[in-house]
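Next comes protein-v6.cif, with mmCIF, C-alpha atoms; chains and numbers go by the auth columns.
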data_model
loop_
_atom_site.group_PDB
_atom_site.id
_atom_site.type_symbol
_atom_site.label_atom_id
_atom_site.label_comp_id
_atom_site.label_asym_id
_atom_site.label_seq_id
_atom_site.Cartn_x
_atom_site.Cartn_y
_atom_site.Cartn_z
_atom_site.B_iso_or_equiv
_atom_site.auth_seq_id
_atom_site.auth_asym_id
ATOM 1 C CA MET A 1 -15.467 34.145 -9.220 0.00 1 K
ATOM 2 C CA VAL A 2 -17.710 33.126 -6.340 0.00 2 K
ATOM 3 C CA ASN A 3 -16.149 31.588 -3.273 0.00 3 K
ATOM 4 C CA PRO A 4 -17.812 28.167 -2.633 0.00 4 K
ATOM 5 C CA GLU A 5 -18.222 28.910 1.098 0.00 5 K
ATOM 6 C CA ASN A 6 -20.047 32.170 0.409 0.00 6 K
ATOM 7 C CA ARG A 7 -22.378 30.644 -2.166 0.00 7 K
ATOM 8 C CA LYS A 8 -25.903 29.979 -0.917 0.00 8 K
ATOM 9 C CA MET A 9 -26.971 26.329 -1.121 0.00 9 K
ATOM 10 C CA PRO A 10 -30.558 25.301 -1.737 0.00 10 K
ATOM 11 C CA ARG A 11 -32.376 24.330 1.433 0.00 11 K
ATOM 12 C CA TRP A 12 -32.687 20.662 0.555 0.00 12 K
ATOM 13 C CA ALA A 13 -28.970 20.471 -0.253 0.00 13 K
ATOM 14 C CA GLN A 14 -28.076 22.126 3.049 0.00 14 K
ATOM 15 C CA ARG A 15 -30.161 19.546 4.952 0.00 15 K
ATOM 16 C CA VAL A 16 -28.532 16.661 3.086 0.00 16 K
ATOM 17 C CA ASP A 17 -25.118 18.145 3.718 0.00 17 K
ATOM 18 C CA ASP A 18 -25.855 18.559 7.423 0.00 18 K
ATOM 19 C CA MET A 19 -27.191 15.012 7.754 0.00 19 K
ATOM 20 C CA ALA A 20 -24.249 13.317 6.058 0.00 20 K
ATOM 21 C CA PRO A 21 -21.665 12.026 8.514 0.00 21 K
ATOM 22 C CA ARG A 22 -18.132 13.301 8.097 0.00 22 K
ATOM 23 C CA ARG A 23 -16.506 9.893 8.259 0.00 23 K
ATOM 24 C CA TRP A 24 -13.467 10.748 6.214 0.00 24 K
ATOM 25 C CA ARG A 25 -12.550 13.571 8.603 0.00 25 K
ATOM 26 C CA ARG A 26 -12.726 11.572 11.813 0.00 26 K
ATOM 27 C CA GLU A 27 -10.138 9.204 13.186 0.00 27 K
ATOM 28 C CA LYS A 28 -10.967 6.128 15.208 0.00 28 K
ATOM 29 C CA GLN A 29 -11.194 6.484 18.929 0.00 29 K
ATOM 30 C CA TYR A 30 -8.177 5.306 20.911 0.00 30 K
ATOM 31 C CA TYR A 31 -9.976 2.288 22.409 0.00 31 K
ATOM 32 C CA ASN A 32 -10.803 1.039 18.888 0.00 32 K
ATOM 33 C CA ARG A 33 -7.212 1.478 17.747 0.00 33 K
ATOM 34 C CA ARG A 34 -5.931 -0.145 20.932 0.00 34 K
ATOM 35 C CA ALA A 35 -7.918 -3.302 20.176 0.00 35 K
ATOM 36 C CA GLU A 36 -6.401 -3.383 16.688 0.00 36 K
ATOM 37 C CA PHE A 37 -2.895 -2.965 18.118 0.00 37 K
ATOM 38 C CA VAL A 38 -3.384 -5.757 20.656 0.00 38 K
ATOM 39 C CA SER A 39 -4.889 -8.176 18.136 0.00 39 K
ATOM 40 C CA SER A 40 -2.110 -7.481 15.643 0.00 40 K
ATOM 41 C CA LEU A 41 0.445 -7.932 18.404 0.00 41 K
ATOM 42 C CA VAL A 42 -0.979 -11.329 19.405 0.00 42 K
ATOM 43 C CA PHE A 43 -1.213 -12.466 15.769 0.00 43 K
ATOM 44 C CA ASN A 44 2.404 -11.497 15.044 0.00 44 K
ATOM 45 C CA LEU A 45 3.698 -13.176 18.192 0.00 45 K
ATOM 46 C CA ILE A 46 1.937 -16.384 17.147 0.00 46 K
ATOM 47 C CA ALA A 47 3.380 -15.954 13.641 0.00 47 K
ATOM 48 C CA LEU A 48 6.877 -15.661 15.122 0.00 48 K
ATOM 49 C CA VAL A 49 6.488 -18.959 16.974 0.00 49 K
ATOM 50 C CA VAL A 50 5.078 -20.690 13.881 0.00 50 K
ATOM 51 C CA LEU A 51 7.812 -19.319 11.605 0.00 51 K
ATOM 52 C CA TYR A 52 10.470 -20.554 14.023 0.00 52 K
ATOM 53 C CA LYS A 53 8.923 -24.020 14.399 0.00 53 K
ATOM 54 C CA ILE A 54 8.176 -24.756 10.711 0.00 54 K
ATOM 55 C CA PRO A 55 11.586 -26.415 10.003 0.00 55 K
ATOM 56 C CA ASP A 56 10.999 -28.833 12.916 0.00 56 K
ATOM 57 C CA TRP A 57 7.679 -29.982 11.467 0.00 57 K
ATOM 58 C CA HIS A 58 9.269 -31.412 8.265 0.00 58 K
ATOM 59 C CA LEU A 59 6.375 -30.449 6.024 0.00 59 K
ATOM 60 C CA GLY A 60 6.613 -31.932 2.549 0.00 60 K
ATOM 61 C CA PHE A 61 5.673 -28.789 0.651 0.00 61 K
ATOM 62 C CA ILE A 62 8.388 -26.651 2.310 0.00 62 K
ATOM 63 C CA THR A 63 11.531 -26.680 0.183 0.00 63 K
ATOM 64 C CA GLY A 64 15.126 -26.093 1.225 0.00 64 K
ATOM 65 C CA LYS A 65 14.811 -22.428 0.312 0.00 65 K
ATOM 66 C CA TYR A 66 12.774 -21.743 3.450 0.00 66 K
ATOM 67 C CA GLY A 67 15.884 -21.036 5.515 0.00 67 K
ATOM 68 C CA ALA A 68 16.654 -18.005 3.343 0.00 68 K
ATOM 69 C CA VAL A 69 13.155 -16.594 3.724 0.00 69 K
ATOM 70 C CA MET A 70 12.581 -17.511 7.369 0.00 70 K
ATOM 71 C CA TYR A 71 14.761 -14.781 8.841 0.00 71 K
ATOM 72 C CA ILE A 72 13.263 -12.114 6.586 0.00 72 K
ATOM 73 C CA LEU A 73 9.745 -13.166 7.608 0.00 73 K
ATOM 74 C CA MET A 74 10.740 -13.244 11.281 0.00 74 K
ATOM 75 C CA PHE A 75 12.287 -9.771 10.982 0.00 75 K
ATOM 76 C CA SER A 76 9.072 -8.489 9.429 0.00 76 K
ATOM 77 C CA ALA A 77 7.025 -10.001 12.251 0.00 77 K
ATOM 78 C CA LEU A 78 9.382 -8.454 14.820 0.00 78 K
ATOM 79 C CA VAL A 79 8.996 -5.042 13.179 0.00 79 K
ATOM 80 C CA GLN A 80 5.211 -5.494 13.317 0.00 80 K
ATOM 81 C CA VAL A 81 5.400 -6.410 17.016 0.00 81 K
ATOM 82 C CA ALA A 82 7.632 -3.436 17.826 0.00 82 K
ATOM 83 C CA GLY A 83 5.459 -1.024 15.847 0.00 83 K
ATOM 84 C CA ASN A 84 2.251 -2.210 17.490 0.00 84 K
ATOM 85 C CA LEU A 85 3.810 -2.046 20.956 0.00 85 K
ATOM 86 C CA LEU A 86 4.981 1.488 20.266 0.00 86 K
ATOM 87 C CA MET A 87 1.569 2.560 19.003 0.00 87 K
ATOM 88 C CA LEU A 88 -0.135 0.823 21.924 0.00 88 K
ATOM 89 C CA PHE A 89 1.786 2.803 24.528 0.00 89 K
ATOM 90 C CA LEU A 90 2.431 6.061 22.662 0.00 90 K
ATOM 91 C CA ASP A 91 -0.650 7.056 20.723 0.00 91 K
ATOM 92 C CA PHE A 92 0.513 10.086 18.793 0.00 92 K
ATOM 93 C CA ARG A 93 -0.256 10.662 15.129 0.00 93 K
ATOM 94 C CA PHE A 94 3.398 11.163 14.290 0.00 94 K
ATOM 95 C CA ILE A 95 4.385 7.865 15.892 0.00 95 K
ATOM 96 C CA ARG A 96 1.431 6.044 14.307 0.00 96 K
ATOM 97 C CA TYR A 97 2.320 7.186 10.813 0.00 97 K
ATOM 98 C CA LEU A 98 6.063 6.710 11.253 0.00 98 K
ATOM 99 C CA SER A 99 5.674 3.195 12.633 0.00 99 K
ATOM 100 C CA GLY A 100 3.157 2.480 9.867 0.00 100 K
ATOM 101 C CA ILE A 101 5.823 3.431 7.322 0.00 101 K
ATOM 102 C CA PHE A 102 8.355 1.052 8.872 0.00 102 K
ATOM 103 C CA MET A 103 5.835 -1.775 9.266 0.00 103 K
ATOM 104 C CA GLU A 104 4.644 -1.502 5.651 0.00 104 K
ATOM 105 C CA ALA A 105 8.222 -1.361 4.370 0.00 105 K
ATOM 106 C CA ALA A 106 9.068 -4.526 6.322 0.00 106 K
ATOM 107 C CA ALA A 107 5.916 -6.250 5.061 0.00 107 K
ATOM 108 C CA PHE A 108 6.757 -5.264 1.477 0.00 108 K
ATOM 109 C CA VAL A 109 10.309 -6.625 1.775 0.00 109 K
ATOM 110 C CA ALA A 110 8.997 -9.875 3.274 0.00 110 K
ATOM 111 C CA GLN A 111 6.416 -10.306 0.521 0.00 111 K
ATOM 112 C CA ILE A 112 8.834 -9.542 -2.294 0.00 112 K
ATOM 113 C CA SER A 113 11.429 -11.948 -0.886 0.00 113 K
ATOM 114 C CA LEU A 114 8.767 -14.628 -0.469 0.00 114 K
ATOM 115 C CA TYR A 115 7.680 -13.998 -4.071 0.00 115 K
ATOM 116 C CA TYR A 116 11.180 -14.236 -5.561 0.00 116 K
ATOM 117 C CA ILE A 117 12.528 -17.093 -3.459 0.00 117 K
ATOM 118 C CA TYR A 118 9.167 -18.937 -3.084 0.00 118 K
ATOM 119 C CA PRO A 119 10.022 -21.802 -0.718 0.00 119 K
ATOM 120 C CA LEU A 120 6.836 -23.791 -1.353 0.00 120 K
ATOM 121 C CA ASP A 121 6.122 -26.640 -3.746 0.00 121 K
ATOM 122 C CA PHE A 122 2.647 -28.139 -3.874 0.00 122 K
ATOM 123 C CA SER A 123 3.159 -30.005 -7.160 0.00 123 K
ATOM 124 C CA GLY A 124 3.686 -33.312 -5.354 0.00 124 K
ATOM 125 C CA TYR A 125 0.277 -33.140 -3.739 0.00 125 K
ATOM 126 C CA GLY A 126 -2.646 -34.158 -5.897 0.00 126 K
ATOM 127 C CA GLY A 127 -5.194 -31.432 -6.291 0.00 127 K
ATOM 128 C CA LEU A 128 -3.122 -28.751 -4.546 0.00 128 K
ATOM 129 C CA SER A 129 -0.914 -27.666 -7.433 0.00 129 K
ATOM 130 C CA TRP A 130 -3.236 -24.686 -8.025 0.00 130 K
ATOM 131 C CA ILE A 131 -1.755 -23.112 -4.876 0.00 131 K
ATOM 132 C CA ASP A 132 1.559 -22.663 -6.726 0.00 132 K
ATOM 133 C CA VAL A 133 -0.311 -20.579 -9.317 0.00 133 K
ATOM 134 C CA VAL A 134 -2.580 -18.586 -7.000 0.00 134 K
ATOM 135 C CA LEU A 135 -0.168 -17.773 -4.174 0.00 135 K
ATOM 136 C CA PRO A 136 2.238 -15.664 -6.281 0.00 136 K
ATOM 137 C CA TRP A 137 -0.714 -13.583 -7.468 0.00 137 K
ATOM 138 C CA ILE A 138 -1.846 -13.106 -3.884 0.00 138 K
ATOM 139 C CA LEU A 139 1.680 -11.986 -3.002 0.00 139 K
ATOM 140 C CA ILE A 140 1.655 -9.472 -5.874 0.00 140 K
ATOM 141 C CA ILE A 141 -1.664 -8.053 -4.662 0.00 141 K
ATOM 142 C CA GLY A 142 -0.244 -7.866 -1.135 0.00 142 K
ATOM 143 C CA MET A 143 2.834 -6.017 -2.412 0.00 143 K
ATOM 144 C CA ILE A 144 0.631 -3.483 -4.198 0.00 144 K
ATOM 145 C CA ILE A 145 -1.449 -2.959 -1.060 0.00 145 K
ATOM 146 C CA SER A 146 1.692 -2.555 1.074 0.00 146 K
ATOM 147 C CA ALA A 147 3.125 -0.028 -1.370 0.00 147 K
ATOM 148 C CA VAL A 148 -0.100 1.994 -1.366 0.00 148 K
ATOM 149 C CA LYS A 149 -0.262 1.923 2.441 0.00 149 K
ATOM 150 C CA PHE A 150 3.419 2.944 2.605 0.00 150 K
ATOM 151 C CA ILE A 151 2.784 5.961 0.377 0.00 151 K
ATOM 152 C CA SER A 152 -0.409 6.760 2.282 0.00 152 K
ATOM 153 C CA ASN A 153 1.430 6.792 5.601 0.00 153 K
ATOM 154 C CA ILE A 154 4.121 9.065 4.171 0.00 154 K
ATOM 155 C CA TRP A 155 1.399 11.391 2.896 0.00 155 K
ATOM 156 C CA LYS A 156 -0.340 11.408 6.276 0.00 156 K
ATOM 157 C CA LEU A 157 2.949 11.970 8.095 0.00 157 K
ATOM 158 C CA ILE A 158 3.730 15.016 5.971 0.00 158 K
ATOM 159 C CA PHE A 159 0.307 16.618 5.747 0.00 159 K
ATOM 160 C CA ARG A 160 -1.604 15.538 8.883 0.00 160 K
ATOM 161 C CA SER A 161 0.961 15.703 11.672 0.00 161 K
#

Kindly present the structure from the file in structure tokens form.
Amino acid sequence: MVNPENRKMPRWAQRVDDMAPRRWRREKQYYNRRAEFVSSLVFNLIALVVLYKIPDWHLGFITGKYGAVMYILMFSALVQVAGNLLMLFLDFRFIRYLSGIFMEAAAFVAQISLYYIYPLDFSGYGGLSWIDVVLPWILIIGMIISAVKFISNIWKLIFRS
């Protein structure tokens, strides 16, 4: 059996291999990640204020079930804020992956609780009843993405740290 590293490649294949960027091997530079952490931090702080103020706005499509979901959504946003602050100041792979695990778990719990309790009702608004059909599907897709990212962060924590 021939070892793949010892096998001679054709010249044209060697040139193509040398020219191809190794994007999957590189991580983002810290200044690129820092911008992501800051933008996520600002977005989640705004989300916290909005989540807290929604009951005061007396929106017609928000049902009485919102009180049960509000604290779960606020907890998820707080976990996102804490994780991004931690990654902003301590940029270690271990901390990035560990905080990513906690942030994705909190996002998954928030999405699944929002899916099961579903505190919205757009049926009273003409032309907006399609939101009640589409939004649960969007939440399911978000739960799948959060689960995949959760598993991915566990994988990275185990094998890349």

Rows by chain and residue number, stretch 66-106 of chain K within 6 Å of stretch 39-51 of chain K, shortest pair, only C-alpha atoms, as a Markdown table:
| residue | atom | partner | partner_atom | distance |
| --- | --- | --- | --- | --- |
| K:Met74 | CA | K:Leu48 | CA | 6.0 |
| K:Ala77 | CA | K:Asn44 | CA | 5.6 |
| K:Val81 | CA | K:Leu41 | CA | 5.4 |

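Residue nearest K:Leu73, chosen from K:Leu98, K:Tyr115, K:Arg11, K:Leu85 and counting only C-alpha atoms: K:Tyr115.
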
Students should find that atom CA of K:Gln111 and atom CA of K:Leu139 are spaced 6.1 Å

Close residues, K:Ile62 itself excluded, 10 Å, only C-alpha atoms, min 5 positions apart in chain, as a VMD selection string:
chain K and resid 54 to 55 57 67 118 to 122

Using 4 Å of padding on each side, determine the axis-aligned box around all atoms of stretch 53-59 of chain K present in the file and give its centre and edge lengths in Å to one decimal, as lines of an AutoDock Vina configuration file.
center_x = 9.0
center_y = -27.7
center_z = 10.2
size_x = 13.2
size_y = 15.4
size_z = 16.4

Between atom CA of K:Leu88 and atom CA of K:Ile101, what distance in Å does the model show, to one decimal?
16.0 Å

Within 12 Å of K:Gln29 using all atoms listed in the file, minus same-chain residues under 6 positions, as a PyMOL selection string
chain K and resi 35-36+91

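Neighbouring residues of K:Ile154 at 9 Å or closer, counting all atoms listed in the file and skipping chain neighbours under 3 positions away, are Tyr97, Leu98, Gly100, Ile101, Lys149, Phe150, Ile151, Leu157, Ile158 and Phe159 of chain K.
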
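Here atom CA of K:Phe37 is placed at a distance of 7.2 Å from atom CA of K:Met87.
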
Enumerate, as an mmCIF file with C-alpha atoms, in the frame of the given file, the protein, DNA and RNA residues whose atoms approach (9.7, -12.1, 5.4) to within 8 Å, taking into account all atoms listed in the file and the coordinate frame of the file.
data_model
loop_
_atom_site.group_PDB
_atom_site.id
_atom_site.type_symbol
_atom_site.label_atom_id
_atom_site.label_comp_id
_atom_site.auth_asym_id
_atom_site.auth_seq_id
_atom_site.Cartn_x
_atom_site.Cartn_y
_atom_site.Cartn_z
ATOM 1 C CA VAL K 69 13.155 -16.594 3.724
ATOM 2 C CA MET K 70 12.581 -17.511 7.369
ATOM 3 C CA TYR K 71 14.761 -14.781 8.841
ATOM 4 C CA ILE K 72 13.263 -12.114 6.586
ATOM 5 C CA LEU K 73 9.745 -13.166 7.608
ATOM 6 C CA MET K 74 10.740 -13.244 11.281
ATOM 7 C CA PHE K 75 12.287 -9.771 10.982
ATOM 8 C CA SER K 76 9.072 -8.489 9.429
ATOM 9 C CA ALA K 77 7.025 -10.001 12.251
ATOM 10 C CA ALA K 106 9.068 -4.526 6.322
ATOM 11 C CA ALA K 107 5.916 -6.250 5.061
ATOM 12 C CA VAL K 109 10.309 -6.625 1.775
ATOM 13 C CA ALA K 110 8.997 -9.875 3.274
ATOM 14 C CA GLN K 111 6.416 -10.306 0.521
ATOM 15 C CA SER K 113 11.429 -11.948 -0.886
ATOM 16 C CA LEU K 114 8.767 -14.628 -0.469
#

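Candidate residues K:Phe89, K:Trp155, K:Phe108, K:Tyr125 were compared for distance to K:Gly60, and the nearest is K:Tyr125, using only C-alpha atoms.
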
Using all atoms listed in the file, the best pick from K:Ile117, K:Ala105, K:Leu90, K:Ile145 as closest to K:Ala68 would be K:Ile117
